[in-house]
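*Asks:* If it helps, the file is called query.cif and holds mmCIF, C-alpha atoms; chains and numbers go by the auth columns:
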```cif
data_upload
#
loop_
_atom_site.group_PDB
_atom_site.id
_atom_site.type_symbol
_atom_site.label_atom_id
_atom_site.label_comp_id
_atom_site.label_asym_id
_atom_site.label_seq_id
_atom_site.Cartn_x
_atom_site.Cartn_y
_atom_site.Cartn_z
_atom_site.B_iso_or_equiv
_atom_site.auth_seq_id
_atom_site.auth_asym_id
ATOM 1 C CA GLN A 1 100.315 101.226 36.572 0.00 1 A
ATOM 2 C CA GLU A 2 98.204 102.416 39.494 0.00 2 A
ATOM 3 C CA GLN A 3 100.298 100.299 41.913 0.00 3 A
ATOM 4 C CA ILE A 4 103.452 101.901 40.565 0.00 4 A
ATOM 5 C CA SER A 5 102.095 105.464 40.691 0.00 5 A
ATOM 6 C CA THR A 6 100.552 105.196 44.197 0.00 6 A
ATOM 7 C CA GLY A 7 102.953 102.690 45.752 0.00 7 A
ATOM 8 C CA LYS A 8 99.955 100.795 47.106 0.00 8 A
ATOM 9 C CA ASN A 9 98.594 97.376 46.148 0.00 9 A
ATOM 10 C CA VAL A 10 95.130 98.544 47.168 0.00 10 A
ATOM 11 C CA ALA A 11 94.684 102.226 46.328 0.00 11 A
ATOM 12 C CA SER A 12 90.892 102.407 46.685 0.00 12 A
ATOM 13 C CA ALA A 13 87.949 100.445 48.030 0.00 13 A
ATOM 14 C CA LYS A 14 87.142 99.074 44.576 0.00 14 A
ATOM 15 C CA ASP A 15 90.495 97.200 44.461 0.00 15 A
ATOM 16 C CA ASN A 16 89.795 95.199 47.664 0.00 16 A
ATOM 17 C CA ALA A 17 87.328 96.651 50.180 0.00 17 A
ATOM 18 C CA ALA A 18 88.453 94.601 53.207 0.00 18 A
ATOM 19 C CA ILE A 19 92.157 95.339 52.822 0.00 19 A
ATOM 20 C CA TRP A 20 91.438 98.985 51.999 0.00 20 A
ATOM 21 C CA ALA A 21 89.372 99.363 55.218 0.00 21 A
ATOM 22 C CA ILE A 22 92.156 97.788 57.284 0.00 22 A
ATOM 23 C CA SER A 23 94.737 100.074 55.661 0.00 23 A
ATOM 24 C CA LYS A 24 92.642 103.162 56.471 0.00 24 A
ATOM 25 C CA VAL A 25 92.445 102.129 60.135 0.00 25 A
ATOM 26 C CA MET A 26 96.211 101.594 60.154 0.00 26 A
ATOM 27 C CA GLU A 27 96.805 104.992 58.509 0.00 27 A
ATOM 28 C CA ALA A 28 94.616 106.652 61.156 0.00 28 A
ATOM 29 C CA ASP A 29 96.563 104.825 63.891 0.00 29 A
ATOM 30 C CA VAL A 30 99.885 106.000 62.443 0.00 30 A
ATOM 31 C CA ASN A 31 98.627 109.597 62.380 0.00 31 A
ATOM 32 C CA GLY A 32 97.433 109.212 65.987 0.00 32 A
ATOM 33 C CA PHE A 33 100.839 107.849 67.041 0.00 33 A
ATOM 34 C CA LYS A 34 102.545 110.806 65.373 0.00 34 A
ATOM 35 C CA ALA A 35 100.307 113.162 67.379 0.00 35 A
ATOM 36 C CA ILE A 36 101.153 111.234 70.580 0.00 36 A
ATOM 37 C CA SER A 37 104.859 111.481 69.783 0.00 37 A
ATOM 38 C CA ASP A 38 104.517 115.240 69.259 0.00 38 A
ATOM 39 C CA SER A 39 102.568 115.574 72.522 0.00 39 A
ATOM 40 C CA LEU A 40 105.159 113.579 74.481 0.00 40 A
ATOM 41 C CA SER A 41 107.968 115.673 73.008 0.00 41 A
ATOM 42 C CA LEU A 42 106.135 118.843 73.983 0.00 42 A
ATOM 43 C CA GLY A 43 105.541 117.496 77.493 0.00 43 A
ATOM 44 C CA GLU A 44 109.170 116.448 77.808 0.00 44 A
ATOM 45 C CA SER A 45 110.338 119.918 76.794 0.00 45 A
ATOM 46 C CA THR A 46 107.941 121.599 79.219 0.00 46 A
ATOM 47 C CA VAL A 47 109.083 119.406 82.123 0.00 47 A
ATOM 48 C CA ALA A 48 112.755 119.945 81.163 0.00 48 A
ATOM 49 C CA VAL A 49 112.303 123.723 81.283 0.00 49 A
ATOM 50 C CA ALA A 50 110.529 123.432 84.653 0.00 50 A
ATOM 51 C CA ARG A 51 113.264 121.131 85.988 0.00 51 A
ATOM 52 C CA GLN A 52 116.003 123.531 84.922 0.00 52 A
ATOM 53 C CA GLY A 53 114.107 126.448 86.452 0.00 53 A
ATOM 54 C CA SER A 54 113.587 124.568 89.720 0.00 54 A
ATOM 55 C CA GLU A 55 117.287 123.665 89.867 0.00 55 A
ATOM 56 C CA THR A 56 118.159 127.336 89.405 0.00 56 A
ATOM 57 C CA VAL A 57 115.697 128.282 92.154 0.00 57 A
ATOM 58 C CA THR A 58 117.328 125.638 94.389 0.00 58 A
ATOM 59 C CA GLU A 59 120.733 127.239 93.864 0.00 59 A
ATOM 60 C CA LEU A 60 119.347 130.705 94.600 0.00 60 A
ATOM 61 C CA LEU A 61 117.616 129.446 97.759 0.00 61 A
ATOM 62 C CA SER A 62 120.879 127.847 98.895 0.00 62 A
ATOM 63 C CA THR A 63 122.633 131.174 98.379 0.00 63 A
ATOM 64 C CA MET A 64 119.852 132.908 100.301 0.00 64 A
ATOM 65 C CA LYS A 65 120.164 130.414 103.155 0.00 65 A
ATOM 66 C CA ALA A 66 123.927 131.013 103.294 0.00 66 A
ATOM 67 C CA LYS A 67 123.297 134.750 103.600 0.00 67 A
ATOM 68 C CA ILE A 68 120.805 134.168 106.394 0.00 68 A
ATOM 69 C CA VAL A 69 123.300 131.987 108.236 0.00 69 A
ATOM 70 C CA ALA A 70 125.993 134.635 107.704 0.00 70 A
ATOM 71 C CA SER A 71 123.670 137.254 109.190 0.00 71 A
ATOM 72 C CA GLN A 72 123.864 135.464 112.544 0.00 72 A
ATOM 73 C CA GLU A 73 127.270 137.018 113.113 0.00 73 A
ATOM 74 C CA SER A 74 127.166 139.963 115.471 0.00 74 A
ATOM 75 C CA ASN A 75 129.380 142.253 113.393 0.00 75 A
ATOM 76 C CA VAL A 76 127.533 142.180 110.041 0.00 76 A
ATOM 77 C CA ASP A 77 125.450 144.782 108.302 0.00 77 A
ATOM 78 C CA ARG A 78 121.969 143.246 108.231 0.00 78 A
ATOM 79 C CA ALA A 79 120.689 145.985 105.931 0.00 79 A
ATOM 80 C CA LYS A 80 123.150 144.883 103.230 0.00 80 A
ATOM 81 C CA ILE A 81 122.211 141.252 103.797 0.00 81 A
ATOM 82 C CA GLN A 82 118.541 142.180 103.470 0.00 82 A
ATOM 83 C CA THR A 83 119.340 143.966 100.202 0.00 83 A
ATOM 84 C CA ASP A 84 121.086 140.823 98.949 0.00 84 A
ATOM 85 C CA ILE A 85 118.122 138.680 100.011 0.00 85 A
ATOM 86 C CA ASP A 86 115.722 141.032 98.245 0.00 86 A
ATOM 87 C CA ALA A 87 117.852 140.777 95.088 0.00 87 A
ATOM 88 C CA LEU A 88 117.833 136.969 95.343 0.00 88 A
ATOM 89 C CA GLN A 89 114.037 137.016 95.722 0.00 89 A
ATOM 90 C CA ASP A 90 113.797 139.154 92.593 0.00 90 A
ATOM 91 C CA GLN A 91 116.049 136.660 90.774 0.00 91 A
ATOM 92 C CA ILE A 92 113.855 133.754 91.898 0.00 92 A
ATOM 93 C CA ASN A 93 110.754 135.567 90.650 0.00 93 A
ATOM 94 C CA ALA A 94 112.493 136.288 87.335 0.00 94 A
ATOM 95 C CA VAL A 95 113.496 132.624 86.933 0.00 95 A
ATOM 96 C CA VAL A 96 109.960 131.460 87.771 0.00 96 A
ATOM 97 C CA ALA A 97 108.476 133.935 85.290 0.00 97 A
ATOM 98 C CA ALA A 98 110.949 132.954 82.557 0.00 98 A
ATOM 99 C CA ALA A 99 110.684 129.176 83.065 0.00 99 A
ATOM 100 C CA GLN A 100 107.939 128.540 80.559 0.00 100 A
ATOM 101 C CA PHE A 101 107.587 126.618 77.340 0.00 101 A
ATOM 102 C CA ASN A 102 105.015 127.678 74.730 0.00 102 A
ATOM 103 C CA GLY A 103 103.569 130.099 77.258 0.00 103 A
ATOM 104 C CA LEU A 104 103.032 127.389 79.889 0.00 104 A
ATOM 105 C CA SER A 105 104.828 127.591 83.217 0.00 105 A
ATOM 106 C CA LEU A 106 104.885 124.736 85.728 0.00 106 A
ATOM 107 C CA LEU A 107 106.600 126.956 88.295 0.00 107 A
ATOM 108 C CA ALA A 108 103.990 129.735 88.510 0.00 108 A
ATOM 109 C CA ASN A 109 100.678 128.384 89.742 0.00 109 A
ATOM 110 C CA ASN A 110 98.225 131.013 90.812 0.00 110 A
ATOM 111 C CA SER A 111 94.736 131.996 89.766 0.00 111 A
ATOM 112 C CA ALA A 112 96.126 134.269 87.035 0.00 112 A
ATOM 113 C CA THR A 113 98.076 131.485 85.292 0.00 113 A
ATOM 114 C CA VAL A 114 96.651 129.362 82.510 0.00 114 A
ATOM 115 C CA ASN A 115 95.807 125.746 83.453 0.00 115 A
ATOM 116 C CA SER A 116 96.164 126.202 87.221 0.00 116 A
ATOM 117 C CA GLY A 117 96.767 122.945 89.075 0.00 117 A
ATOM 118 C CA THR A 118 97.782 120.332 86.537 0.00 118 A
ATOM 119 C CA VAL A 119 98.685 120.054 82.891 0.00 119 A
ATOM 120 C CA ASN A 120 97.703 116.924 80.969 0.00 120 A
ATOM 121 C CA VAL A 121 100.027 115.462 78.328 0.00 121 A
ATOM 122 C CA LEU A 122 98.547 113.024 75.801 0.00 122 A
ATOM 123 C CA SER A 123 100.438 109.748 76.279 0.00 123 A
ATOM 124 C CA SER A 124 98.605 107.005 74.381 0.00 124 A
ATOM 125 C CA LEU A 125 95.555 105.946 72.428 0.00 125 A
ATOM 126 C CA ASP A 126 93.876 102.763 73.583 0.00 126 A
ATOM 127 C CA ARG A 127 91.546 100.810 71.331 0.00 127 A
ATOM 128 C CA SER A 128 88.767 98.802 72.958 0.00 128 A
ATOM 129 C CA GLY A 129 85.443 97.329 71.985 0.00 129 A
ATOM 130 C CA SER A 130 83.720 100.592 72.839 0.00 130 A
ATOM 131 C CA GLY A 131 86.055 102.757 70.756 0.00 131 A
ATOM 132 C CA VAL A 132 89.312 104.626 71.126 0.00 132 A
ATOM 133 C CA THR A 133 90.220 106.347 74.382 0.00 133 A
ATOM 134 C CA ALA A 134 93.111 108.666 75.137 0.00 134 A
ATOM 135 C CA SER A 135 95.379 108.280 78.153 0.00 135 A
ATOM 136 C CA GLN A 136 97.141 111.261 79.638 0.00 136 A
ATOM 137 C CA ILE A 137 99.956 112.006 82.051 0.00 137 A
ATOM 138 C CA ALA A 138 99.064 114.654 84.628 0.00 138 A
ATOM 139 C CA VAL A 139 101.910 117.039 85.467 0.00 139 A
ATOM 140 C CA GLY A 140 101.345 119.063 88.638 0.00 140 A
ATOM 141 C CA LYS A 141 102.110 122.768 88.890 0.00 141 A
ATOM 142 C CA ASN A 142 103.285 124.642 91.972 0.00 142 A
ATOM 143 C CA ASP A 143 103.914 128.302 92.656 0.00 143 A
ATOM 144 C CA LEU A 144 107.562 129.121 93.384 0.00 144 A
ATOM 145 C CA THR A 145 107.036 132.867 93.267 0.00 145 A
ATOM 146 C CA MET A 146 108.729 134.539 96.244 0.00 146 A
ATOM 147 C CA LYS A 147 106.746 137.098 98.172 0.00 147 A
ATOM 148 C CA ALA A 148 108.641 140.124 99.488 0.00 148 A
ATOM 149 C CA ARG A 149 110.118 139.593 102.937 0.00 149 A
ATOM 150 C CA ALA A 150 111.606 142.357 105.037 0.00 150 A
ATOM 151 C CA VAL A 151 113.735 142.584 108.136 0.00 151 A
ATOM 152 C CA THR A 152 111.349 143.360 110.964 0.00 152 A
ATOM 153 C CA GLY A 153 112.841 143.945 114.367 0.00 153 A
ATOM 154 C CA GLY A 154 116.120 142.379 113.297 0.00 154 A
ATOM 155 C CA THR A 155 114.529 139.210 111.867 0.00 155 A
ATOM 156 C CA VAL A 156 115.230 137.865 108.380 0.00 156 A
ATOM 157 C CA ALA A 157 112.726 135.206 107.307 0.00 157 A
ATOM 158 C CA VAL A 158 112.496 133.040 104.226 0.00 158 A
ATOM 159 C CA SER A 159 109.508 130.784 103.826 0.00 159 A
ATOM 160 C CA THR A 160 109.331 127.323 102.291 0.00 160 A
ATOM 161 C CA ALA A 161 109.172 126.976 98.515 0.00 161 A
ATOM 162 C CA ALA A 162 108.453 123.635 96.848 0.00 162 A
ATOM 163 C CA VAL A 163 107.919 122.242 93.358 0.00 163 A
ATOM 164 C CA THR A 164 106.794 118.759 92.429 0.00 164 A
ATOM 165 C CA LEU A 165 106.840 117.620 88.825 0.00 165 A
ATOM 166 C CA ASN A 166 104.541 114.602 88.806 0.00 166 A
ATOM 167 C CA ALA A 167 105.261 113.133 85.361 0.00 167 A
ATOM 168 C CA THR A 168 108.607 111.391 85.583 0.00 168 A
ATOM 169 C CA GLN A 169 110.702 113.707 87.692 0.00 169 A
ATOM 170 C CA THR A 170 110.238 115.042 91.182 0.00 170 A
ATOM 171 C CA ALA A 171 112.162 117.965 92.598 0.00 171 A
ATOM 172 C CA THR A 172 111.493 119.392 96.030 0.00 172 A
ATOM 173 C CA LEU A 173 112.967 122.672 97.149 0.00 173 A
ATOM 174 C CA ALA A 174 112.818 123.850 100.718 0.00 174 A
ATOM 175 C CA VAL A 175 114.269 126.681 102.730 0.00 175 A
ATOM 176 C CA ASN A 176 112.645 127.615 105.987 0.00 176 A
ATOM 177 C CA SER A 177 114.921 129.796 108.073 0.00 177 A
ATOM 178 C CA THR A 178 114.525 132.629 110.506 0.00 178 A
ATOM 179 C CA VAL A 179 117.406 134.677 111.799 0.00 179 A
ATOM 180 C CA THR A 180 117.105 137.248 114.546 0.00 180 A
#
```
Translate this structure into structure tokens?
*Replies:*
Amino acid sequence: QEQISTGKNVASAKDNAAIWAISKVMEADVNGFKAISDSLSLGESTVAVARQGSETVTELLSTMKAKIVASQESNVDRAKIQTDIDALQDQINAVVAAAQFNGLSLLANNSATVNSGTVNVLSSLDRSGSGVTASQIAVGKNDLTMKARAVTGGTVAVSTAAVTLNATQTATLAVNSTVT
């Protein structure tokens, strides 16, 4: 009756101590693997949000570069172009600020952000003679926040911005242009 009610051949240590001990280790392993699966899913979601944010920043930087190239014409209003560039910088900052998952952003990496530098994602549990150790995947953070740039003496400058996601995906963004 106990086998039918519990669904287990060995429900307690008194039924068979050796098999019960093995089953407890296996149950603990299954719970550990569930935690690893949850951690990997969380890490995947965080990296996906960062990837999408970095792709959006790439598009905005490409638009900004096009405006800088367009400003090389002699008959353009550089003040309007500067206004557009300022608006694009604000959009980039908004995207960087919004690209976070569970309060963690891989695109904003400064001393005020939580977990500056890298974020570790639990990836596996390894059993050895000395015990169980956890392996982690380190995901690097970079700061894509744009600092305000202004036209000074007829020069429009945009500095380099880069993001590297070290887990499984790498995206590098770069714009480094100066127009006089």
*Asks:* Which neighbours of stretch 19-34 of chain A fall inside 9 Å, counting all atoms listed in the file, when residues of the same chain fewer than 6 positions from it are skipped, and could you give them as a count of residues only?
*Replies:* 6
*Asks:* Of the residues A:Ile68, A:Leu122, A:Leu104, A:Leu61, which is the one nearest to A:Lys80, using only C-alpha atoms?
*Replies:* A:Ile68
*Asks:* Determine the residue set returned by the PyMOL selection byres ((chain A and resi 132-141) around 7) for the present structure, and present it as a VMD selection string.
*Replies:* chain A and resid 106 to 107 109 117 to 128 131 142 to 143 164 to 167
*Asks:* If you measure from atom CA of A:Arg51 to atom CA of A:Ile85, what distance in Å do you get, rounded to one decimal?
*Replies:*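 Between atom CA of A:Arg51 and atom CA of A:Ile85 the gap is 23.0 Å.
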*Asks:* For atom CA of A:Ala98 and atom CA of A:Val49, quote the distance in Å rounded to one decimal.
*Replies:*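 Computing it gives 9.4 Å between the two atoms.
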*Asks:* Can you tell me, as a list in words, what residues are no more than 10 Å from A:Lys67 when counting only C-alpha atoms, ignoring any on the same chain fewer than 4 positions away?
*Replies:* Leu61, Ser62, Thr63, Ser71, Gln72, Arg78, Ile81, Gln82, Asp84, Ile85 and Val156 of chain A
*Asks:* For atom CA of A:Asn93 and atom CA of A:Gly43, determine how far apart the two atoms are, in Å to one decimal place.
*Replies:*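 The value is 23.0 Å.
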*Asks:* Using only C-alpha atoms, which of the listed residues (A:Ser54, A:Glu59, A:Gly129, A:Ala66) sits closest to A:Thr145?
*Replies:*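 Using only C-alpha atoms, the shortest distance to A:Thr145 belongs to A:Ser54.
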*Asks:* Expand the PyMOL selection byres ((chain A and resi 92) around 8) into the explicit residue set it covers here, and present it as a compact mmCIF listing (two decimals) with C-alpha atoms, in the frame of the given file.
*Replies:*
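So the final result, stored in part-v8.txt, reads:
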```txt
# COMPACT_ATOMS: atom_id res chain seq x y z
CA VAL A 57 115.70 128.28 92.15
CA LEU A 60 119.35 130.71 94.60
CA LEU A 88 117.83 136.97 95.34
CA GLN A 89 114.04 137.02 95.72
CA ASP A 90 113.80 139.15 92.59
CA GLN A 91 116.05 136.66 90.77
CA ASN A 93 110.75 135.57 90.65
CA ALA A 94 112.49 136.29 87.34
CA VAL A 95 113.50 132.62 86.93
CA VAL A 96 109.96 131.46 87.77
CA LEU A 144 107.56 129.12 93.38
CA THR A 145 107.04 132.87 93.27
CA MET A 146 108.73 134.54 96.24
```
